[in-house]
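> One structure, as structure tokens, below. Some questions next.
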2 protein chains.
Amino acid sequence: MQYRQLTLKDIAKELNTSVSTVSRALKDHHSISPEMKRKVNDLANRWDYHPNPVAVSLLKNKNYTIGVVVPEIAHNYFSILMEGIEETATQAGYHVMFCVSKEKLQREVDVINTLLNMRIDGLIIAPSKETVSYDHLEAIVNRGIPLIFIDRYCESVPASRVLVDDYNGAFQAVEHLISTGRKRIAHIAGPETLSNSRQRLSGYLGALKKYNIPVEDELIVHCDLTRTSARESTSQVISLRKMPDSILTYNSSIAFEGMLVVKEKGLRIPDQISFVGFANEPIISYIEPQLTTVIQPAYQIGQEAVNLFLEQQSNDYEAIPKTKILLTQLVIRGSTVKV
Amino acid sequence: MQYRQLTLKDIAKELNTSVSTVSRALKDHHSISPEMKRKVNDLANRWDYHPNPVAVSLLKNKNYTIGVVVPEIAHNYFSILMEGIEETATQAGYHVMFCVSKEKLQREVDVINTLLNMRIDGLIIAPSKETVSYDHLEAIVNRGIPLIFIDRYCESVPASRVLVDDYNGAFQAVEHLISTGRKRIAHIAGPETLSNSRQRLSGYLGALKKYNIPVEDELIVHCDLTRTSARESTSQVISLRKMPDSILTYNSSIAFEGMLVVKEKGLRIPDQISFVGFANEPIISYIEPQLTTVIQPAYQIGQEAVNLFLEQQSNDYEAIPKTKILLTQLVIRGSTVKV
DNA sequence: AATATTTACGCAAACCATTGCGTACCAAGT
DNA sequence: ACTTGGTACGCAATGGTTTGCGTAAATATT
């Protein structure tokens with residue numbers, strides 16, 4: 001027993017006029033008498049009339065909805081990013097439909113299909129770590145639907161991107177480690193499929209090169225994003241004959257897990273080994289020692305992604321994908337410097 | 001230059017038949033010849049036809065979308081809850097529209113209006129801490145739209161609820177403190193406007209009563225959910241002439257901030273003062289000492305909320321609001337027991 | 001052979017808001 | 001008196017799908 005929605009027809013009937021007149025009166029169309037406009041608006045207000053957005057969608061072939069696909073929600077970085085998207089989109093009169101890929105390609109394909117069937121006006125996506133075939137994403141571009149990559153991207157897909165300056169983030173982190181006297185710097189990288197992981201690795205290599213520190217393959221390990229893998233990767237690097245004196249991690253989870261492993265081994269942080277990680281969690285300040293982090297402007301990424309979408313919506317948009325790169329911020333804390 | 005969507009009309013034209021025939025053929029209607037069904041289905045598959053959900057929505061006066069309002073996304077508890085909702089709803093063929101109230105009544109009213117204008121089929125909400133007038137929520141019930149409270153609820157609004165057994169969660173936490181020899185147990189409660197905060201307070205009081213421990217008003221302080229307030233509340237209770245030997249906190253943020261304050265004062269945890277908090281973050285295991293927590297089944301709450309919604313959607317539903325109460329789990333860690 | 005039933009399909013309305021076009025009326029201009 | 005122009009409104013189509021009703025032809029029944 002759904003409550004029947006109030007329509008233009010109801011108002012028209014009440015005022016003994018036509019639906020079109022009511023519609024035009026509400027939009028302040030020039031060909032409607034002030035008298036009629038007043039009557040219509042009065043009644044619409046009194047009855048709290050709102051146009052049925054479904055009908056508008058059908059007509060305009062647009063539903064003022066942006067689809068968003070993230071690998072997971074329950075992750076501080078993505079949830080802040082989502083807040084940025086939600087806030088900005090809402091302000092611009094758009095709705096947001098969030099979906100989760102769980103880092104699985106199949107789920108990503110599924111949710112994108114669902115979103116396409118829903119006739120979303122645009123898609124903002126952080127591809128899963130399994131996403132190595134891009135057909136489903138190219139399909140979106142081919143349909144002419146605005147596509148915006150956030151955080152991670154697919155090289156060959158011609159779409160806009162809002163990225164973090166991962167290269168320089170990693171570069172500065174390593175530079176900081178070097179400035180604190182570290183010489184053997186390990187890097188626990190993320191999956192090679194992730195663009196930002198590759199960028200961070202490059203930044204790491206770039207910094208080593210600048211300071212003439214030889215790259216040693218054994219100091220670089222790739223970690224999938226599980227807890228176990230983080231533990232193993234850390235164990236691996238600190239078990240080397242020549243142990244590293246510092247570790248740059250792909251993200252905070254790896255860093256936290258790594259610090260735990262290191263502590264269990266009885267090593268002191270930062271004296272014997274120091275840590276830097278890409279991270280955002282406010283909770284960092286409660287962990288001892290506090291982790292030195294490369295902060296990613298998560299909220300801002302969400303904002304910029306929506307802004308790019310809005311640009312692409314405007315009529316005079318030329319289909320040239322844009323890339324926005326946002327700067328990171330290095331926050332130095334106890335895991336690299338004695339406090 | 002939006003790509004034009006493929007419609008029934010296109011298929012009908014191609015096959016020199018009518019739209020209605022195509023529609024019925026696709027739904028395996030009895031009055032369509034097997035021959036025609038085959039042709040239609042073949043073409044639909046080849047062209048990858050999907051019905052326009054907007055048109056279906058308009059017709060059915062239903063859009064297979066559930067609105068969800070949470071105080072914030074970037075909070076572990078809520079983000080897990082959201083994953084539970086998203087997952088369950090998707091499986092049932094529903095979409096989810098997440099909105100954030102930022103704990104502000106005005107924003108809550110705004111987003112609910114937006115959702116209502118969108119003609120959502122149901123609303124799942126955790127009311128903001130400012131929500132003390134319920135007109136906007138009663139309006140939903142009056143319209144006959146299924147409303148489900150999660151985590152927090154409004155007494156006077158006749159709607160279903162999925163709650164956590166906050167009373168017993170707090171009760172057991174206090175019981176645990178008592179069993180570890182604590183006698184002066186403080187409680188840093190949440191805002192009095194939040195139903196779950198009131199329940200936890202009751203559980204705290206109930207446990208004290210059971211063990212004949214007198215209630216002392218000075219041991220109970222209310223905290224809004226800011227960091228500063230958490231610090232102040234903690235300072236307040238540990239500055240009492242007769243200091244408490246343990247603290248039960250409304251949530252993890254208060255506990256973490258509280259432990260920081262206590263450490264700064266040079267007090268040892270759990271020897272001199274112990275902590276229990278309602279919390280879910282996996283990150284807990286990295287904080288020293290690890291916090292003993294009352295775990296709320298966040299994901300499950302999301303699931304149950306969607307299930308209640310689905311029940312209410314079914315035709316034979318009688319409008320009797322249900323309340324589901326999910327159990328908490330006490331996980332004992334280093335903040336209450338020496339490890 | 002005449003009527004009843006089944007088969008297989010099309011027409012058109014419904015859902016609701018929007019909009020191009022048409023029309024009826026009135027006043028001003030030639 | 002006749003055209004032009006403006007005003008104020010209604011009709012009908014549009015968007016895509018579903019569905020009640022109608023109908024023609026083919027088969028079955030009396």
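Please note that chains go A, B, ... in the order of the structure tokens, that every chain numbers its residues from 1, and that ligands are numbered from 1 in the order shown.
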With only C-alpha atoms (C1' of nucleotides) as the counted atoms, please give the residues lying no more than 6 Å from range 282-299 of chain A, apart from itself and same-chain residues fewer than 3 positions off, as a ChimeraX atom specification.
/A:80-81,84,276-279,302,328-335 /B:287
> Go ahead and save the picked residues with C-alpha atoms, as a PDB file, in the first residue's frame.

ATOM      1  CA  ILE A  80      37.129   9.694   3.345  1.00  0.00           C
ATOM      2  CA  LEU A  81      37.346   9.782  -0.411  1.00  0.00           C
ATOM      3  CA  GLY A  84      34.462  13.933  -0.588  1.00  0.00           C
ATOM      4  CA  VAL A 276      57.490   5.320   6.660  1.00  0.00           C
ATOM      5  CA  GLY A 277      54.173   4.455   5.089  1.00  0.00           C
ATOM      6  CA  PHE A 278      51.465   5.928   2.930  1.00  0.00           C
ATOM      7  CA  ALA A 279      48.583   6.427   5.349  1.00  0.00           C
ATOM      8  CA  GLY A 302      36.811  12.835  -4.209  1.00  0.00           C
ATOM      9  CA  THR A 328      51.013  14.410  -0.805  1.00  0.00           C
ATOM     10  CA  GLN A 329      52.283  15.636   2.503  1.00  0.00           C
ATOM     11  CA  LEU A 330      55.026  14.043   4.524  1.00  0.00           C
ATOM     12  CA  VAL A 331      54.304  14.068   8.240  1.00  0.00           C
ATOM     13  CA  ILE A 332      57.302  13.155  10.308  1.00  0.00           C
ATOM     14  CA  ARG A 333      56.658  11.254  13.500  1.00  0.00           C
ATOM     15  CA  GLY A 334      58.309   8.883  15.899  1.00  0.00           C
ATOM     16  CA  SER A 335      58.816   5.940  13.592  1.00  0.00           C
TER      17      SER A 335
ATOM     18  CA  ILE B 287      47.822  -0.072  19.934  1.00  0.00           C
TER      19      ILE B 287
END
> Identify all residues of range 25-91 of chain A in strand (DSSP E or B) (DSSP on the backbone) and supply them as a JSON list (two decimals) with N, CA and C atoms, in the first residue's frame.

[["chain", "number", "residue", "atom", "x", "y", "z"],
["A", 65, "THR", "N", 22.74, 10.79, -11.51],
["A", 65, "THR", "CA", 23.37, 9.85, -10.60],
["A", 65, "THR", "C", 24.77, 9.49, -11.09],
["A", 66, "ILE", "N", 25.71, 9.54, -10.20],
["A", 66, "ILE", "CA", 27.07, 9.14, -10.53],
["A", 66, "ILE", "C", 27.33, 7.80, -9.86],
["A", 67, "GLY", "N", 27.86, 6.87, -10.61],
["A", 67, "GLY", "CA", 28.25, 5.60, -10.02],
["A", 67, "GLY", "C", 29.67, 5.70, -9.50],
["A", 68, "VAL", "N", 29.91, 5.08, -8.37],
["A", 68, "VAL", "CA", 31.26, 5.07, -7.81],
["A", 68, "VAL", "C", 31.62, 3.63, -7.45],
["A", 69, "VAL", "N", 32.76, 3.19, -7.91],
["A", 69, "VAL", "CA", 33.20, 1.84, -7.57],
["A", 69, "VAL", "C", 34.53, 1.92, -6.83],
["A", 70, "VAL", "N", 34.52, 1.43, -5.62],
["A", 70, "VAL", "CA", 35.76, 1.39, -4.84],
["A", 70, "VAL", "C", 36.04, -0.06, -4.46]]
> Using CA of Leu208 in chain A and CA of Val261 in chain A as the two end points, give the distance in Å to one decimal.
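Going from CA of Leu208 in chain A over to CA of Val261 in chain A covers 25.4 Å.
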> List the neighbours of DA27 in chain C out to 12 Å using only C-alpha atoms (C1' of nucleotides); skip same-chain residues closer than 5 positions along the sequence, and give me the result as a list in words.
DT4, DG5, DG6 and DT7 of chain D
> Please tabulate, as a Markdown table, the residues of chain D that come within 7 Å of chain A, each with its closest pair of atoms and the distance in Å to one decimal, counting only C-alpha atoms (C1' of nucleotides) and ordering rows by chain, then residue number upward.

| residue | atom | partner | partner_atom | distance |
| --- | --- | --- | --- | --- |
| D:DT7 | C1' | A:Ser31 | CA | 6.9 |
| D:DA8 | C1' | A:Ile32 | CA | 5.8 |
| D:DC9 | C1' | A:Thr21 | CA | 6.9 |
| D:DG10 | C1' | A:Ser18 | CA | 6.6 |
| D:DG15 | C1' | A:Leu59 | CA | 4.7 |
> Would you list which chain C residues are within 12 Å of chain A using only C-alpha atoms (C1' of nucleotides), as a PyMOL selection string?
chain C and resi 15-20
> Kindly assemble as a Markdown table a list of the chain A residues that lie within 8 Å of chain B, each paired with its nearest atom pair and their distance in Å to one decimal, using only C-alpha atoms, sorted first by chain and then by ascending residue number.

| residue | atom | partner | partner_atom | distance |
| --- | --- | --- | --- | --- |
| A:Met1 | CA | B:Gly144 | CA | 7.0 |
| A:Gln2 | CA | B:Gly144 | CA | 5.6 |
| A:Tyr3 | CA | B:Arg143 | CA | 5.3 |
| A:His50 | CA | B:Asn117 | CA | 6.5 |
| A:Pro51 | CA | B:Asn117 | CA | 7.6 |
| A:Asn52 | CA | B:Asn117 | CA | 6.9 |
| A:Pro53 | CA | B:Met118 | CA | 5.9 |
| A:Val54 | CA | B:Leu58 | CA | 5.9 |
| A:Ala55 | CA | B:Leu58 | CA | 6.3 |
| A:Ser57 | CA | B:Val54 | CA | 6.8 |
| A:Leu58 | CA | B:Val54 | CA | 5.9 |
| A:Glu72 | CA | B:Glu83 | CA | 7.9 |
| A:Ile73 | CA | B:Ser79 | CA | 5.7 |
| A:Ala74 | CA | B:Ser79 | CA | 4.7 |
| A:His75 | CA | B:Asn76 | CA | 7.4 |
| A:Asn76 | CA | B:Ala74 | CA | 6.0 |
| A:Ser79 | CA | B:Ala74 | CA | 4.7 |
| A:Ile80 | CA | B:Ala74 | CA | 5.3 |
| A:Met82 | CA | B:Ile73 | CA | 7.5 |
| A:Glu83 | CA | B:Ile73 | CA | 6.5 |
| A:Glu86 | CA | B:Cys99 | CA | 7.2 |
| A:His95 | CA | B:Met97 | CA | 7.8 |
| A:Val96 | CA | B:Met97 | CA | 6.6 |
| A:Met97 | CA | B:Met97 | CA | 5.4 |
| A:Phe98 | CA | B:Met97 | CA | 7.1 |
| A:Cys99 | CA | B:Glu86 | CA | 7.2 |
| A:Val100 | CA | B:Glu83 | CA | 7.8 |
| A:Asn117 | CA | B:His50 | CA | 6.6 |
| A:Met118 | CA | B:Pro53 | CA | 5.9 |
| A:Arg119 | CA | B:Asn52 | CA | 7.7 |
| A:Arg143 | CA | B:Tyr3 | CA | 5.2 |
| A:Gly144 | CA | B:Gln2 | CA | 5.5 |
| A:Ile145 | CA | B:Gln2 | CA | 6.8 |
| A:Phe256 | CA | B:Tyr286 | CA | 6.5 |
| A:Glu257 | CA | B:Tyr286 | CA | 7.6 |
| A:Leu260 | CA | B:Tyr286 | CA | 7.1 |
| A:Tyr286 | CA | B:Ile287 | CA | 6.4 |
| A:Ile287 | CA | B:Ile287 | CA | 4.9 |
| A:Glu288 | CA | B:Ile287 | CA | 6.9 |
> Name the residues in contact with Ala170 in chain A at a cut-off of 10 Å, using only C-alpha atoms (C1' of nucleotides), excluding same-chain residues fewer than 6 positions from it; report them as JSON, numbers by chain.
{"A": [176, 187, 197, 199, 200, 201, 202, 203, 204, 205, 206, 207, 248, 249, 250, 276, 277, 278, 294, 328, 330]}
> Give the helix (DSSP H, G or I) residues of range 73-189 of chain B, as DSSP finds them on the backbone, and put them as a PyMOL selection string.
chain B and resi 76-91+105-117+135-142+166-179
> Go ahead and write the selection's residues with N, CA and C atoms as a compact mmCIF listing (two decimals), in the first residue's frame.

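What landed in result30.txt:
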# COMPACT_ATOMS: atom_id res chain seq x y z
N ASN B 76 35.04 3.35 11.09
CA ASN B 76 35.10 1.92 10.86
C ASN B 76 33.77 1.20 11.04
N TYR B 77 33.11 1.51 12.15
CA TYR B 77 31.85 0.84 12.44
C TYR B 77 30.83 1.04 11.33
N PHE B 78 30.65 2.28 10.94
CA PHE B 78 29.66 2.55 9.91
C PHE B 78 30.08 2.03 8.54
N SER B 79 31.35 2.08 8.25
CA SER B 79 31.74 1.63 6.92
C SER B 79 31.57 0.11 6.78
N ILE B 80 31.79 -0.62 7.85
CA ILE B 80 31.54 -2.06 7.78
C ILE B 80 30.04 -2.32 7.66
N LEU B 81 29.30 -1.57 8.44
CA LEU B 81 27.85 -1.67 8.37
C LEU B 81 27.37 -1.42 6.93
N MET B 82 27.95 -0.40 6.31
CA MET B 82 27.59 -0.08 4.93
C MET B 82 27.90 -1.23 3.99
N GLU B 83 29.03 -1.86 4.22
CA GLU B 83 29.37 -3.00 3.37
C GLU B 83 28.32 -4.10 3.52
N GLY B 84 27.86 -4.30 4.74
CA GLY B 84 26.82 -5.30 4.98
C GLY B 84 25.55 -4.95 4.23
N ILE B 85 25.20 -3.69 4.25
CA ILE B 85 24.00 -3.25 3.55
C ILE B 85 24.17 -3.40 2.05
N GLU B 86 25.27 -2.90 1.55
CA GLU B 86 25.51 -2.92 0.10
C GLU B 86 25.44 -4.34 -0.43
N GLU B 87 26.17 -5.21 0.23
CA GLU B 87 26.25 -6.61 -0.19
C GLU B 87 24.87 -7.27 -0.22
N THR B 88 24.15 -7.15 0.87
CA THR B 88 22.86 -7.82 0.99
C THR B 88 21.84 -7.24 0.01
N ALA B 89 21.84 -5.94 -0.10
CA ALA B 89 20.88 -5.29 -0.99
C ALA B 89 21.16 -5.67 -2.43
N THR B 90 22.41 -5.65 -2.81
CA THR B 90 22.79 -5.98 -4.18
C THR B 90 22.32 -7.39 -4.52
N GLN B 91 22.54 -8.29 -3.58
CA GLN B 91 22.13 -9.68 -3.83
C GLN B 91 20.63 -9.80 -4.05
N LEU B 105 21.27 17.54 12.40
CA LEU B 105 19.85 17.34 12.14
C LEU B 105 19.45 17.94 10.80
N GLN B 106 19.93 19.15 10.54
CA GLN B 106 19.51 19.82 9.31
C GLN B 106 19.92 19.03 8.07
N ARG B 107 21.15 18.53 8.10
CA ARG B 107 21.60 17.73 6.96
C ARG B 107 20.79 16.46 6.83
N GLU B 108 20.44 15.90 7.98
CA GLU B 108 19.64 14.68 7.96
C GLU B 108 18.30 14.95 7.28
N VAL B 109 17.68 16.04 7.67
CA VAL B 109 16.40 16.40 7.05
C VAL B 109 16.58 16.62 5.55
N ASP B 110 17.63 17.31 5.19
CA ASP B 110 17.88 17.58 3.77
C ASP B 110 18.06 16.30 2.96
N VAL B 111 18.93 15.44 3.42
CA VAL B 111 19.18 14.24 2.62
C VAL B 111 17.94 13.35 2.56
N ILE B 112 17.17 13.34 3.64
CA ILE B 112 15.95 12.54 3.60
C ILE B 112 14.97 13.11 2.58
N ASN B 113 14.90 14.42 2.52
CA ASN B 113 14.03 15.02 1.51
C ASN B 113 14.49 14.64 0.11
N THR B 114 15.77 14.72 -0.09
CA THR B 114 16.30 14.33 -1.40
C THR B 114 15.93 12.89 -1.71
N LEU B 115 16.13 12.03 -0.74
CA LEU B 115 15.84 10.62 -0.95
C LEU B 115 14.35 10.41 -1.22
N LEU B 116 13.51 11.13 -0.50
CA LEU B 116 12.07 11.00 -0.73
C LEU B 116 11.71 11.47 -2.12
N ASN B 117 12.30 12.58 -2.54
CA ASN B 117 12.03 13.06 -3.89
C ASN B 117 12.46 12.05 -4.93
N ASP B 135 9.82 14.71 13.14
CA ASP B 135 8.83 14.94 12.08
C ASP B 135 9.25 14.32 10.76
N HIS B 136 10.48 14.53 10.41
CA HIS B 136 10.94 14.04 9.10
C HIS B 136 10.90 12.53 9.04
N LEU B 137 11.06 11.88 10.18
CA LEU B 137 11.04 10.41 10.18
C LEU B 137 9.60 9.91 10.21
N GLU B 138 8.76 10.60 10.97
CA GLU B 138 7.35 10.21 11.00
C GLU B 138 6.72 10.37 9.63
N ALA B 139 7.16 11.39 8.93
CA ALA B 139 6.64 11.63 7.58
C ALA B 139 6.87 10.41 6.70
N ILE B 140 8.00 9.77 6.87
CA ILE B 140 8.31 8.59 6.06
C ILE B 140 7.35 7.45 6.39
N VAL B 141 7.17 7.22 7.67
CA VAL B 141 6.26 6.17 8.10
C VAL B 141 4.85 6.46 7.57
N ASN B 142 4.45 7.71 7.68
CA ASN B 142 3.11 8.07 7.23
C ASN B 142 2.92 7.85 5.74
N ASP B 166 23.22 -3.32 23.52
CA ASP B 166 24.12 -2.41 24.21
C ASP B 166 24.08 -2.60 25.71
N TYR B 167 22.87 -2.87 26.19
CA TYR B 167 22.74 -3.04 27.64
C TYR B 167 23.66 -4.16 28.11
N ASN B 168 23.48 -5.34 27.52
CA ASN B 168 24.29 -6.47 27.96
C ASN B 168 25.76 -6.32 27.61
N GLY B 169 26.02 -5.63 26.50
CA GLY B 169 27.42 -5.38 26.15
C GLY B 169 28.11 -4.63 27.27
N ALA B 170 27.46 -3.55 27.72
CA ALA B 170 28.03 -2.75 28.80
C ALA B 170 28.04 -3.56 30.09
N PHE B 171 26.95 -4.28 30.31
CA PHE B 171 26.83 -5.09 31.52
C PHE B 171 28.00 -6.06 31.64
N GLN B 172 28.24 -6.78 30.56
CA GLN B 172 29.32 -7.77 30.58
C GLN B 172 30.68 -7.12 30.73
N ALA B 173 30.82 -5.97 30.10
CA ALA B 173 32.10 -5.27 30.20
C ALA B 173 32.38 -4.92 31.66
N VAL B 174 31.35 -4.40 32.33
CA VAL B 174 31.51 -4.01 33.73
C VAL B 174 31.74 -5.25 34.60
N GLU B 175 30.99 -6.29 34.29
CA GLU B 175 31.14 -7.55 35.02
C GLU B 175 32.60 -8.03 34.91
N HIS B 176 33.12 -7.89 33.70
CA HIS B 176 34.51 -8.30 33.48
C HIS B 176 35.46 -7.45 34.33
N LEU B 177 35.19 -6.16 34.37
CA LEU B 177 36.04 -5.28 35.17
C LEU B 177 35.99 -5.71 36.64
N ILE B 178 34.77 -5.98 37.09
CA ILE B 178 34.60 -6.39 38.49
C ILE B 178 35.35 -7.69 38.76
N SER B 179 35.25 -8.60 37.80
CA SER B 179 35.90 -9.91 37.98
C SER B 179 37.42 -9.79 38.03
> Please indicate the distance in Å from CA of Thr131 in chain B to CA of Thr193 in chain B, rounded to one decimal place.
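Result for CA of Thr131 in chain B versus CA of Thr193 in chain B: 7.5 Å, one decimal.
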